[in-house]
file data12.txt (compact mmCIF, C-alpha atoms and all ligand atoms)
# COMPACT_ATOMS: atom_id res chain seq x y z
CA MET A 1 100.15 125.13 79.86
CA SER A 2 101.83 123.73 82.94
CA ILE A 3 102.31 120.03 83.40
CA TYR A 4 102.72 119.03 87.03
CA ALA A 5 104.66 116.14 88.50
CA TYR A 6 104.27 114.04 91.64
CA PHE A 7 106.64 111.87 93.67
CA ASN A 8 104.63 108.88 94.90
CA CYS A 9 104.88 105.90 97.21
CA HIS A 10 102.23 103.43 96.06
CA HIS A 11 102.79 101.18 99.07
CA CYS A 12 102.06 103.90 101.66
CA ARG A 13 99.78 105.96 99.43
CA GLN A 14 101.69 109.20 99.97
CA SER A 15 102.85 111.79 97.48
CA VAL A 16 104.85 114.98 97.20
CA TRP A 17 103.76 117.57 94.64
CA LEU A 18 106.90 118.51 92.74
CA GLY A 19 105.38 121.41 90.82
CA LYS A 20 105.58 122.38 87.19
CA THR A 21 107.69 120.20 84.91
CA LEU A 22 110.40 122.10 83.01
CA HIS A 23 111.18 120.45 79.67
CA SER A 24 113.98 120.44 77.19
CA ASP A 25 113.87 118.65 73.84
CA SER A 26 114.92 115.43 75.56
CA GLY A 27 112.27 115.60 78.29
CA PRO A 28 111.88 116.87 81.85
CA PHE A 29 115.02 118.35 83.42
CA ALA A 30 113.63 120.04 86.55
CA PHE A 31 110.51 120.93 88.51
CA GLN A 32 109.40 124.33 89.77
CA ARG A 33 106.81 125.53 92.26
CA GLY A 34 105.44 129.05 91.71
CA GLN A 35 106.62 131.67 89.26
CA SER A 36 110.00 132.70 90.64
CA PRO A 37 110.80 130.67 93.73
CA PRO A 38 114.27 129.57 94.68
CA LYS A 39 115.31 126.63 92.58
CA HIS A 40 114.35 123.36 94.23
CA TRP A 41 117.95 122.54 95.08
CA ASN A 42 118.09 125.89 96.93
CA SER A 43 114.97 125.10 98.97
CA PRO A 44 116.17 123.52 102.23
CA GLN A 45 112.72 122.44 103.41
CA LEU A 46 111.76 120.77 100.13
CA ASN A 47 115.16 119.09 99.98
CA LYS A 48 114.57 117.68 103.47
CA VAL A 49 111.12 116.44 102.44
CA VAL A 50 112.51 114.63 99.40
CA TRP A 51 115.40 113.03 101.30
CA LYS A 52 113.11 111.98 104.14
CA PHE A 53 110.61 110.59 101.63
CA LEU A 54 113.38 108.49 100.07
CA ALA A 55 114.41 107.13 103.47
CA ASP A 56 110.84 106.54 104.68
CA HIS A 57 109.97 104.56 101.56
CA THR A 58 113.11 102.46 101.14
CA GLY A 59 112.17 99.21 99.43
CA HIS A 60 108.71 100.49 98.50
CA HIS A 61 107.29 101.10 95.04
CA ILE A 62 108.05 104.78 94.48
CA ASP A 63 108.04 106.78 91.26
CA VAL A 64 107.80 110.23 89.72
CA ARG A 65 104.82 110.72 87.44
CA LEU A 66 103.53 113.50 85.25
CA GLU A 67 99.92 114.41 85.91
CA SER A 68 98.83 112.61 82.73
CA ASP A 69 100.09 109.36 84.28
CA MET A 70 98.34 109.88 87.62
CA THR A 71 95.14 107.95 88.34
CA ASP A 72 92.21 109.11 90.47
CA GLU A 73 93.41 106.69 93.15
CA MET A 74 96.86 108.27 93.14
CA TYR A 75 95.34 111.73 93.50
CA SER A 76 93.69 110.44 96.70
CA TYR A 77 97.04 109.64 98.33
CA GLN A 78 98.03 111.67 101.39
CA SER A 79 99.84 114.72 100.03
CA ILE A 80 102.85 115.99 101.94
CA GLY A 81 102.43 119.75 101.78
CA GLY A 82 98.84 119.49 100.59
CA ASP A 83 95.85 121.27 102.05
CA SER A 84 93.09 118.66 101.69
CA PRO A 85 91.68 116.78 104.68
CA GLY A 86 94.11 114.00 105.60
CA ASP A 87 97.12 115.76 104.08
CA ILE A 88 100.14 116.73 106.15
CA THR A 89 102.15 119.93 106.05
CA GLU A 90 105.81 119.70 105.13
CA GLU A 91 106.69 121.02 108.60
CA GLU A 92 104.71 118.27 110.36
CA TYR A 93 106.09 115.61 108.01
CA LEU A 94 109.63 116.68 108.86
CA LYS A 95 108.92 116.41 112.60
CA SER A 96 108.16 112.69 112.43
CA PRO A 97 109.73 110.64 113.75
CA SER A 98 110.60 112.96 116.59
CA GLY A 99 114.20 114.05 116.44
CA TRP A 100 114.75 113.57 112.72
CA TYR A 101 114.29 117.27 111.93
CA ASP A 102 116.64 118.37 114.70
CA SER A 103 119.49 116.15 113.60
CA ASP A 104 121.15 118.78 111.41
ZN ZN A 201 106.14 103.83 101.31
call {"tool": "encode", "arguments": {"input": "data12.txt", "output": "structure tokens", "more": "lines below"}}
Ligand SMILES: [Zn+2]
result
Amino acid sequence: MSIYAYFNCHHCRQSVWLGKTLHSDSGPFAFQRGQSPPKHWNSPQLNKVVWKFLADHTGHHIDVRLESDMTDEMYSYQSIGGDSPGDITEEEYLKSPSGWYDSD
């Protein structure tokens, strides 16, 4: 059974789905999306999303939660990369503010 994890800003009500939690005996050590994708640290777009999320939410209440610690309210946050109404694609997220994505 997969246990998923989310990176949340509770101030802005936004989240990033991190994927399946990979565990060792001492707890989570990584996250993975899909069956055999590149490792997250080899995924340039996801890396940009995470770094931008950190910058966008400086000073805000952010955390990483396993799905068992998510509330219904948290599941209603705007998901970056989600496909529900009100969500935003990773590509669109990385385009705002204009110019950020082109800076590298
Ligand atoms: Zn925020």
call {"tool": "atom_distance", "arguments": {"input": "data12.txt", "atom1": "atom CA of Tyr77 of chain A", "atom2": "atom CA of Pro28 of chain A"}}
result
23.3 Å
call {"tool": "residues_near_point", "arguments": {"input": "data12.txt", "point": "(108.4, 124.5, 81.6)", "cutoff": "8 Å", "atoms": "only C-alpha atoms", "output": "list in words"}}
result
Ser2, Ile3, Lys20, Thr21, Leu22 and His23 of chain A
call {"tool": "residues_near_ligand", "arguments": {"input": "data12.txt", "ligand": "ligand ZN 201 (chain A)", "cutoff": "10 Å", "atoms": "only C-alpha atoms and all ligand atoms", "output": "list of chain:residue names"}}
result
A:Asn8, A:Cys9, A:His10, A:His11, A:Cys12, A:Arg13, A:Gln14, A:Ser15, A:Phe53, A:Leu54, A:Ala55, A:Asp56, A:His57, A:Thr58, A:Gly59, A:His60, A:His61, A:Ile62
call {"tool": "atom_distance", "arguments": {"input": "data12.txt", "atom1": "atom CA of Phe7 of chain A", "atom2": "atom CA of Ser84 of chain A"}}
result
17.1 Å
call {"tool": "atom_distance", "arguments": {"input": "data12.txt", "atom1": "atom CA of Gln32 of chain A", "atom2": "atom CA of Pro97 of chain A"}}
result
27.6 Å
call {"tool": "closest_residue", "arguments": {"input": "data12.txt", "among": "A:Leu66, A:Ile80, A:Asp72, A:Val50", "to": "Gly27 of chain A", "atoms": "all atoms listed in the file"}}
result
A:Leu66
call {"tool": "axis_aligned_box", "arguments": {"input": "data12.txt", "around": "segment 14-22 of chain A", "padding_each_side": "6 Å", "output": "JSON"}}
result
{"center_x": 106.0, "center_y": 115.8, "center_z": 91.5, "size_x": 20.7, "size_y": 25.2, "size_z": 29.0}
call {"tool": "closest_residue", "arguments": {"input": "data12.txt", "among": "A:Phe31, A:Asp63, A:Asn47, A:Trp17", "to": "Asp83 of chain A", "atoms": "all atoms listed in the file"}}
result
A:Trp17
call {"tool": "closest_residue", "arguments": {"input": "data12.txt", "among": "A:Val49, A:Met70, A:Trp41, A:Arg33", "to": "Ser96 of chain A", "atoms": "only C-alpha atoms"}}
result
A:Val49
